[in-house]
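Working notes, beginning with the structure itself.
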Amino acid sequence: MKIPKEIRNGFYIFLGIAVFFLLMEVLGLSHLFYLRLLNVLFIFYGVNRTLKMNLAEGKNSFVPNAISATITSFSGVVFSIIALLIYSHAKGGDAYVKSLSEAFMFGGDPSVSTYVLCLFFEGTASCVIVTLMLMLYWNNKYKAD
């Protein structure tokens with residue numbers, strides 16, 4: 001069974017984000033919240049890769065490519081959220097999330113589930129934004145309806 005390119009590229013997004021965050025933690029840079037914003041670059045990479053693959057295969061209709069791009073970015077975010085959930089529980093659960101929230105935008109005392117849910121919504125928003133931006137970038141490659 002061949003894994004669809006959207007899921008494969010979503011997994012590449014996850015791998016990039018995971019390695020980036022683990023490297024930040026090893027180097028002691030995980031408290032710098034603005035570095036966390038760079039994970040959007042991995043989403044751009046995966047979605048752009050999917051769109052290039054679609055165009056190389058001769059798929060140049062706008063709507064199917066937009067759906068393909070959205071599936072790619074969303075699968076990368078879902079893989080990353082699942083990994084964060086597992087990693088957070090392995091590192092101490094709510095205590096670990098509290099240490100993350102002090103350096104990020106959360107206030108109060110979030111639980112693992114609250115933290116993951118908020119990052120899921122943030123990731124979903126970034127999926128939509130990245131997909132729209134890349135669809136506009138590649139717009140001249142698609143045939144008009």
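Chain lettering (A, B, ...) mirrors the order of the structure tokens, residue numbering begins at 1 for each chain separately, and ligand numbering begins at 1 in order of display.
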Worksheet item: Which residues, written as a ChimeraX atom specification, have at least one atom at most 10 Å from Arg8 in chain A, with only C-alpha atoms counted and residues fewer than 6 positions away on the same chain left out?
Response: /A:2,14,46,50,72,75-76
DSSP on the backbone, then: every residue of range 10-105 of chain A marked helix (DSSP H, G or I), written as a PDB file with N, CA and C atoms, in the first residue's frame.
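Contents of the output file states34.pdb:
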ATOM      1  N   GLY A  10       3.184  15.594   5.052  1.00  0.00           N
ATOM      2  CA  GLY A  10       2.776  15.975   6.405  1.00  0.00           C
ATOM      3  C   GLY A  10       3.708  15.376   7.446  1.00  0.00           C
ATOM      4  N   PHE A  11       4.160  14.156   7.196  1.00  0.00           N
ATOM      5  CA  PHE A  11       5.114  13.516   8.110  1.00  0.00           C
ATOM      6  C   PHE A  11       6.462  14.232   8.056  1.00  0.00           C
ATOM      7  N   TYR A  12       6.862  14.703   6.871  1.00  0.00           N
ATOM      8  CA  TYR A  12       8.104  15.485   6.769  1.00  0.00           C
ATOM      9  C   TYR A  12       7.979  16.796   7.549  1.00  0.00           C
ATOM     10  N   ILE A  13       6.806  17.404   7.502  1.00  0.00           N
ATOM     11  CA  ILE A  13       6.566  18.602   8.307  1.00  0.00           C
ATOM     12  C   ILE A  13       6.759  18.269   9.778  1.00  0.00           C
ATOM     13  N   PHE A  14       6.142  17.175  10.216  1.00  0.00           N
ATOM     14  CA  PHE A  14       6.274  16.749  11.607  1.00  0.00           C
ATOM     15  C   PHE A  14       7.739  16.501  11.967  1.00  0.00           C
ATOM     16  N   LEU A  15       8.476  15.783  11.114  1.00  0.00           N
ATOM     17  CA  LEU A  15       9.884  15.502  11.409  1.00  0.00           C
ATOM     18  C   LEU A  15      10.694  16.786  11.544  1.00  0.00           C
ATOM     19  N   GLY A  16      10.466  17.724  10.642  1.00  0.00           N
ATOM     20  CA  GLY A  16      11.179  18.999  10.725  1.00  0.00           C
ATOM     21  C   GLY A  16      10.875  19.740  12.009  1.00  0.00           C
ATOM     22  N   ILE A  17       9.606  19.804  12.362  1.00  0.00           N
ATOM     23  CA  ILE A  17       9.209  20.492  13.594  1.00  0.00           C
ATOM     24  C   ILE A  17       9.772  19.770  14.816  1.00  0.00           C
ATOM     25  N   ALA A  18       9.694  18.449  14.821  1.00  0.00           N
ATOM     26  CA  ALA A  18      10.172  17.677  15.968  1.00  0.00           C
ATOM     27  C   ALA A  18      11.674  17.852  16.161  1.00  0.00           C
ATOM     28  N   VAL A  19      12.445  17.732  15.086  1.00  0.00           N
ATOM     29  CA  VAL A  19      13.891  17.892  15.195  1.00  0.00           C
ATOM     30  C   VAL A  19      14.233  19.316  15.621  1.00  0.00           C
ATOM     31  N   PHE A  20      13.534  20.300  15.066  1.00  0.00           N
ATOM     32  CA  PHE A  20      13.774  21.694  15.423  1.00  0.00           C
ATOM     33  C   PHE A  20      13.524  21.944  16.910  1.00  0.00           C
ATOM     34  N   PHE A  21      12.405  21.456  17.424  1.00  0.00           N
ATOM     35  CA  PHE A  21      12.079  21.683  18.833  1.00  0.00           C
ATOM     36  C   PHE A  21      13.008  20.912  19.762  1.00  0.00           C
ATOM     37  N   LEU A  22      13.369  19.687  19.389  1.00  0.00           N
ATOM     38  CA  LEU A  22      14.311  18.920  20.210  1.00  0.00           C
ATOM     39  C   LEU A  22      15.685  19.575  20.209  1.00  0.00           C
ATOM     40  N   LEU A  23      16.096  20.092  19.071  1.00  0.00           N
ATOM     41  CA  LEU A  23      17.372  20.802  18.992  1.00  0.00           C
ATOM     42  C   LEU A  23      17.344  22.072  19.840  1.00  0.00           C
ATOM     43  N   MET A  24      16.230  22.784  19.810  1.00  0.00           N
ATOM     44  CA  MET A  24      16.094  23.972  20.651  1.00  0.00           C
ATOM     45  C   MET A  24      16.208  23.603  22.131  1.00  0.00           C
ATOM     46  N   GLU A  25      15.606  22.477  22.510  1.00  0.00           N
ATOM     47  CA  GLU A  25      15.659  22.069  23.908  1.00  0.00           C
ATOM     48  C   GLU A  25      17.068  21.648  24.313  1.00  0.00           C
ATOM     49  N   VAL A  26      17.752  20.912  23.443  1.00  0.00           N
ATOM     50  CA  VAL A  26      19.121  20.472  23.736  1.00  0.00           C
ATOM     51  C   VAL A  26      20.063  21.664  23.851  1.00  0.00           C
ATOM     52  N   PHE A  33      10.588  32.192  22.933  1.00  0.00           N
ATOM     53  CA  PHE A  33       9.327  31.890  22.261  1.00  0.00           C
ATOM     54  C   PHE A  33       9.319  32.284  20.789  1.00  0.00           C
ATOM     55  N   TYR A  34      10.061  33.322  20.425  1.00  0.00           N
ATOM     56  CA  TYR A  34      10.029  33.752  19.035  1.00  0.00           C
ATOM     57  C   TYR A  34      10.680  32.734  18.104  1.00  0.00           C
ATOM     58  N   LEU A  35      11.580  31.900  18.612  1.00  0.00           N
ATOM     59  CA  LEU A  35      12.151  30.833  17.786  1.00  0.00           C
ATOM     60  C   LEU A  35      11.103  29.762  17.466  1.00  0.00           C
ATOM     61  N   ARG A  36      10.122  29.626  18.335  1.00  0.00           N
ATOM     62  CA  ARG A  36       9.059  28.648  18.101  1.00  0.00           C
ATOM     63  C   ARG A  36       8.209  29.017  16.901  1.00  0.00           C
ATOM     64  N   LEU A  37       8.207  30.279  16.553  1.00  0.00           N
ATOM     65  CA  LEU A  37       7.413  30.725  15.416  1.00  0.00           C
ATOM     66  C   LEU A  37       8.005  30.269  14.084  1.00  0.00           C
ATOM     67  N   LEU A  38       9.257  29.839  14.096  1.00  0.00           N
ATOM     68  CA  LEU A  38       9.909  29.396  12.868  1.00  0.00           C
ATOM     69  C   LEU A  38       9.377  28.044  12.374  1.00  0.00           C
ATOM     70  N   ASN A  39       8.577  27.369  13.179  1.00  0.00           N
ATOM     71  CA  ASN A  39       8.039  26.086  12.735  1.00  0.00           C
ATOM     72  C   ASN A  39       7.147  26.231  11.507  1.00  0.00           C
ATOM     73  N   VAL A  40       6.673  27.429  11.240  1.00  0.00           N
ATOM     74  CA  VAL A  40       5.845  27.656  10.052  1.00  0.00           C
ATOM     75  C   VAL A  40       6.664  27.415   8.776  1.00  0.00           C
ATOM     76  N   LEU A  41       7.980  27.556   8.850  1.00  0.00           N
ATOM     77  CA  LEU A  41       8.824  27.292   7.683  1.00  0.00           C
ATOM     78  C   LEU A  41       8.730  25.830   7.250  1.00  0.00           C
ATOM     79  N   PHE A  42       8.598  24.931   8.209  1.00  0.00           N
ATOM     80  CA  PHE A  42       8.478  23.514   7.877  1.00  0.00           C
ATOM     81  C   PHE A  42       7.127  23.227   7.223  1.00  0.00           C
ATOM     82  N   ILE A  43       6.109  23.961   7.638  1.00  0.00           N
ATOM     83  CA  ILE A  43       4.795  23.809   7.000  1.00  0.00           C
ATOM     84  C   ILE A  43       4.862  24.319   5.565  1.00  0.00           C
ATOM     85  N   PHE A  44       5.522  25.451   5.359  1.00  0.00           N
ATOM     86  CA  PHE A  44       5.703  25.957   4.001  1.00  0.00           C
ATOM     87  C   PHE A  44       6.419  24.924   3.132  1.00  0.00           C
ATOM     88  N   TYR A  45       7.469  24.324   3.677  1.00  0.00           N
ATOM     89  CA  TYR A  45       8.241  23.340   2.912  1.00  0.00           C
ATOM     90  C   TYR A  45       7.362  22.164   2.478  1.00  0.00           C
ATOM     91  N   GLY A  46       6.638  21.568   3.411  1.00  0.00           N
ATOM     92  CA  GLY A  46       5.825  20.397   3.102  1.00  0.00           C
ATOM     93  C   GLY A  46       4.707  20.690   2.128  1.00  0.00           C
ATOM     94  N   VAL A  47       4.026  21.805   2.310  1.00  0.00           N
ATOM     95  CA  VAL A  47       2.921  22.158   1.426  1.00  0.00           C
ATOM     96  C   VAL A  47       3.449  22.500   0.037  1.00  0.00           C
ATOM     97  N   ASN A  48       4.538  23.241  -0.024  1.00  0.00           N
ATOM     98  CA  ASN A  48       5.122  23.585  -1.312  1.00  0.00           C
ATOM     99  C   ASN A  48       5.578  22.324  -2.051  1.00  0.00           C
ATOM    100  N   ARG A  49       6.115  21.377  -1.316  1.00  0.00           N
ATOM    101  CA  ARG A  49       6.546  20.110  -1.907  1.00  0.00           C
ATOM    102  C   ARG A  49       5.352  19.366  -2.509  1.00  0.00           C
ATOM    103  N   THR A  50       4.242  19.334  -1.804  1.00  0.00           N
ATOM    104  CA  THR A  50       3.034  18.677  -2.314  1.00  0.00           C
ATOM    105  C   THR A  50       2.541  19.363  -3.584  1.00  0.00           C
ATOM    106  N   LEU A  51       2.493  20.686  -3.575  1.00  0.00           N
ATOM    107  CA  LEU A  51       2.018  21.412  -4.749  1.00  0.00           C
ATOM    108  C   LEU A  51       2.941  21.193  -5.953  1.00  0.00           C
ATOM    109  N   LYS A  52       4.250  21.173  -5.713  1.00  0.00           N
ATOM    110  CA  LYS A  52       5.187  20.901  -6.807  1.00  0.00           C
ATOM    111  C   LYS A  52       4.980  19.493  -7.367  1.00  0.00           C
ATOM    112  N   MET A  53       4.756  18.521  -6.480  1.00  0.00           N
ATOM    113  CA  MET A  53       4.527  17.147  -6.922  1.00  0.00           C
ATOM    114  C   MET A  53       3.240  17.055  -7.741  1.00  0.00           C
ATOM    115  N   ASN A  54       2.216  17.741  -7.296  1.00  0.00           N
ATOM    116  CA  ASN A  54       0.954  17.743  -8.042  1.00  0.00           C
ATOM    117  C   ASN A  54       1.136  18.338  -9.432  1.00  0.00           C
ATOM    118  N   LEU A  55       1.838  19.458  -9.513  1.00  0.00           N
ATOM    119  CA  LEU A  55       2.060  20.094 -10.810  1.00  0.00           C
ATOM    120  C   LEU A  55       2.910  19.206 -11.714  1.00  0.00           C
ATOM    121  N   ALA A  56       3.908  18.517 -11.147  1.00  0.00           N
ATOM    122  CA  ALA A  56       4.741  17.607 -11.937  1.00  0.00           C
ATOM    123  C   ALA A  56       3.934  16.429 -12.475  1.00  0.00           C
ATOM    124  N   PHE A  62      -7.235  24.083  -9.588  1.00  0.00           N
ATOM    125  CA  PHE A  62      -7.053  24.854  -8.354  1.00  0.00           C
ATOM    126  C   PHE A  62      -7.622  24.151  -7.120  1.00  0.00           C
ATOM    127  N   VAL A  63      -8.879  23.761  -7.172  1.00  0.00           N
ATOM    128  CA  VAL A  63      -9.540  23.226  -5.971  1.00  0.00           C
ATOM    129  C   VAL A  63      -8.905  21.921  -5.484  1.00  0.00           C
ATOM    130  N   PRO A  64      -8.644  20.930  -6.356  1.00  0.00           N
ATOM    131  CA  PRO A  64      -7.989  19.710  -5.852  1.00  0.00           C
ATOM    132  C   PRO A  64      -6.612  19.972  -5.256  1.00  0.00           C
ATOM    133  N   ASN A  65      -5.874  20.923  -5.830  1.00  0.00           N
ATOM    134  CA  ASN A  65      -4.570  21.254  -5.265  1.00  0.00           C
ATOM    135  C   ASN A  65      -4.706  21.960  -3.922  1.00  0.00           C
ATOM    136  N   ALA A  66      -5.713  22.791  -3.781  1.00  0.00           N
ATOM    137  CA  ALA A  66      -5.944  23.453  -2.491  1.00  0.00           C
ATOM    138  C   ALA A  66      -6.305  22.424  -1.424  1.00  0.00           C
ATOM    139  N   ILE A  67      -7.115  21.448  -1.788  1.00  0.00           N
ATOM    140  CA  ILE A  67      -7.480  20.383  -0.841  1.00  0.00           C
ATOM    141  C   ILE A  67      -6.246  19.558  -0.484  1.00  0.00           C
ATOM    142  N   SER A  68      -5.445  19.230  -1.476  1.00  0.00           N
ATOM    143  CA  SER A  68      -4.225  18.466  -1.247  1.00  0.00           C
ATOM    144  C   SER A  68      -3.264  19.218  -0.320  1.00  0.00           C
ATOM    145  N   ALA A  69      -3.121  20.510  -0.545  1.00  0.00           N
ATOM    146  CA  ALA A  69      -2.248  21.339   0.294  1.00  0.00           C
ATOM    147  C   ALA A  69      -2.769  21.409   1.726  1.00  0.00           C
ATOM    148  N   THR A  70      -4.073  21.534   1.877  1.00  0.00           N
ATOM    149  CA  THR A  70      -4.668  21.600   3.211  1.00  0.00           C
ATOM    150  C   THR A  70      -4.488  20.282   3.955  1.00  0.00           C
ATOM    151  N   ILE A  71      -4.675  19.176   3.271  1.00  0.00           N
ATOM    152  CA  ILE A  71      -4.483  17.864   3.897  1.00  0.00           C
ATOM    153  C   ILE A  71      -3.033  17.704   4.343  1.00  0.00           C
ATOM    154  N   THR A  72      -2.102  18.149   3.514  1.00  0.00           N
ATOM    155  CA  THR A  72      -0.683  18.058   3.867  1.00  0.00           C
ATOM    156  C   THR A  72      -0.381  18.845   5.136  1.00  0.00           C
ATOM    157  N   SER A  73      -0.772  20.098   5.159  1.00  0.00           N
ATOM    158  CA  SER A  73      -0.450  20.933   6.318  1.00  0.00           C
ATOM    159  C   SER A  73      -1.172  20.455   7.565  1.00  0.00           C
ATOM    160  N   PHE A  74      -2.424  20.055   7.415  1.00  0.00           N
ATOM    161  CA  PHE A  74      -3.188  19.611   8.573  1.00  0.00           C
ATOM    162  C   PHE A  74      -2.636  18.298   9.125  1.00  0.00           C
ATOM    163  N   SER A  75      -2.212  17.389   8.252  1.00  0.00           N
ATOM    164  CA  SER A  75      -1.646  16.129   8.752  1.00  0.00           C
ATOM    165  C   SER A  75      -0.336  16.383   9.495  1.00  0.00           C
ATOM    166  N   GLY A  76       0.463  17.332   9.014  1.00  0.00           N
ATOM    167  CA  GLY A  76       1.693  17.683   9.735  1.00  0.00           C
ATOM    168  C   GLY A  76       1.403  18.232  11.117  1.00  0.00           C
ATOM    169  N   VAL A  77       0.384  19.063  11.215  1.00  0.00           N
ATOM    170  CA  VAL A  77       0.007  19.626  12.510  1.00  0.00           C
ATOM    171  C   VAL A  77      -0.536  18.529  13.434  1.00  0.00           C
ATOM    172  N   VAL A  78      -1.352  17.643  12.905  1.00  0.00           N
ATOM    173  CA  VAL A  78      -1.916  16.567  13.738  1.00  0.00           C
ATOM    174  C   VAL A  78      -0.812  15.652  14.253  1.00  0.00           C
ATOM    175  N   PHE A  79       0.131  15.263  13.384  1.00  0.00           N
ATOM    176  CA  PHE A  79       1.261  14.440  13.833  1.00  0.00           C
ATOM    177  C   PHE A  79       2.044  15.161  14.930  1.00  0.00           C
ATOM    178  N   SER A  80       2.279  16.452  14.749  1.00  0.00           N
ATOM    179  CA  SER A  80       3.045  17.232  15.724  1.00  0.00           C
ATOM    180  C   SER A  80       2.312  17.350  17.055  1.00  0.00           C
ATOM    181  N   ILE A  81       1.004  17.537  17.014  1.00  0.00           N
ATOM    182  CA  ILE A  81       0.214  17.666  18.240  1.00  0.00           C
ATOM    183  C   ILE A  81       0.205  16.345  19.000  1.00  0.00           C
ATOM    184  N   ILE A  82       0.061  15.242  18.288  1.00  0.00           N
ATOM    185  CA  ILE A  82       0.092  13.923  18.942  1.00  0.00           C
ATOM    186  C   ILE A  82       1.446  13.689  19.592  1.00  0.00           C
ATOM    187  N   ALA A  83       2.516  14.040  18.874  1.00  0.00           N
ATOM    188  CA  ALA A  83       3.859  13.882  19.442  1.00  0.00           C
ATOM    189  C   ALA A  83       4.056  14.780  20.654  1.00  0.00           C
ATOM    190  N   LEU A  84       3.539  16.003  20.602  1.00  0.00           N
ATOM    191  CA  LEU A  84       3.647  16.911  21.747  1.00  0.00           C
ATOM    192  C   LEU A  84       2.893  16.360  22.953  1.00  0.00           C
ATOM    193  N   LEU A  85       1.739  15.793  22.709  1.00  0.00           N
ATOM    194  CA  LEU A  85       0.952  15.201  23.791  1.00  0.00           C
ATOM    195  C   LEU A  85       1.728  14.068  24.465  1.00  0.00           C
ATOM    196  N   ILE A  86       2.299  13.196  23.668  1.00  0.00           N
ATOM    197  CA  ILE A  86       3.086  12.082  24.207  1.00  0.00           C
ATOM    198  C   ILE A  86       4.327  12.600  24.922  1.00  0.00           C
ATOM    199  N   TYR A  87       5.028  13.538  24.305  1.00  0.00           N
ATOM    200  CA  TYR A  87       6.254  14.082  24.877  1.00  0.00           C
ATOM    201  C   TYR A  87       5.968  14.822  26.185  1.00  0.00           C
ATOM    202  N   SER A  88       4.884  15.579  26.220  1.00  0.00           N
ATOM    203  CA  SER A  88       4.534  16.318  27.439  1.00  0.00           C
ATOM    204  C   SER A  88       4.264  15.377  28.601  1.00  0.00           C
ATOM    205  N   HIS A  89       3.537  14.306  28.337  1.00  0.00           N
ATOM    206  CA  HIS A  89       3.272  13.340  29.408  1.00  0.00           C
ATOM    207  C   HIS A  89       4.547  12.620  29.832  1.00  0.00           C
ATOM    208  N   ALA A  90       5.452  12.354  28.905  1.00  0.00           N
ATOM    209  CA  ALA A  90       6.715  11.695  29.243  1.00  0.00           C
ATOM    210  C   ALA A  90       7.626  12.603  30.075  1.00  0.00           C
ATOM    211  N   ASP A  94       1.500  18.058  33.371  1.00  0.00           N
ATOM    212  CA  ASP A  94       1.110  19.449  33.615  1.00  0.00           C
ATOM    213  C   ASP A  94       2.283  20.306  34.088  1.00  0.00           C
ATOM    214  N   ALA A  95       3.210  19.716  34.842  1.00  0.00           N
ATOM    215  CA  ALA A  95       4.370  20.479  35.312  1.00  0.00           C
ATOM    216  C   ALA A  95       5.244  20.913  34.128  1.00  0.00           C
ATOM    217  N   TYR A  96       5.416  20.038  33.165  1.00  0.00           N
ATOM    218  CA  TYR A  96       6.202  20.383  31.984  1.00  0.00           C
ATOM    219  C   TYR A  96       5.497  21.463  31.160  1.00  0.00           C
ATOM    220  N   VAL A  97       4.192  21.322  30.997  1.00  0.00           N
ATOM    221  CA  VAL A  97       3.429  22.312  30.235  1.00  0.00           C
ATOM    222  C   VAL A  97       3.466  23.662  30.935  1.00  0.00           C
ATOM    223  N   LYS A  98       3.453  23.664  32.258  1.00  0.00           N
ATOM    224  CA  LYS A  98       3.535  24.929  32.991  1.00  0.00           C
ATOM    225  C   LYS A  98       4.862  25.628  32.709  1.00  0.00           C
ATOM    226  N   SER A  99       5.947  24.861  32.607  1.00  0.00           N
ATOM    227  CA  SER A  99       7.242  25.470  32.295  1.00  0.00           C
ATOM    228  C   SER A  99       7.246  26.017  30.867  1.00  0.00           C
ATOM    229  N   LEU A 100       6.538  25.357  29.961  1.00  0.00           N
ATOM    230  CA  LEU A 100       6.431  25.864  28.588  1.00  0.00           C
ATOM    231  C   LEU A 100       5.593  27.125  28.537  1.00  0.00           C
ATOM    232  N   SER A 101       4.504  27.139  29.289  1.00  0.00           N
ATOM    233  CA  SER A 101       3.581  28.266  29.215  1.00  0.00           C
ATOM    234  C   SER A 101       4.183  29.536  29.796  1.00  0.00           C
ATOM    235  N   GLU A 102       5.152  29.417  30.696  1.00  0.00           N
ATOM    236  CA  GLU A 102       5.783  30.610  31.261  1.00  0.00           C
ATOM    237  C   GLU A 102       6.561  31.372  30.193  1.00  0.00           C
TER     238      GLU A 102
END
Discussion item. Quick check, in Å to one decimal: how far apart do CA of Ser111 in chain A and CA of Gly93 in chain A lie?
Written reply: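 So the two atoms, CA of Ser111 in chain A and CA of Gly93 in chain A, lie 7.8 Å apart.
Of note, CA of Ile3 in chain A and CA of Glu122 in chain A are spaced 26.5 Å apart.
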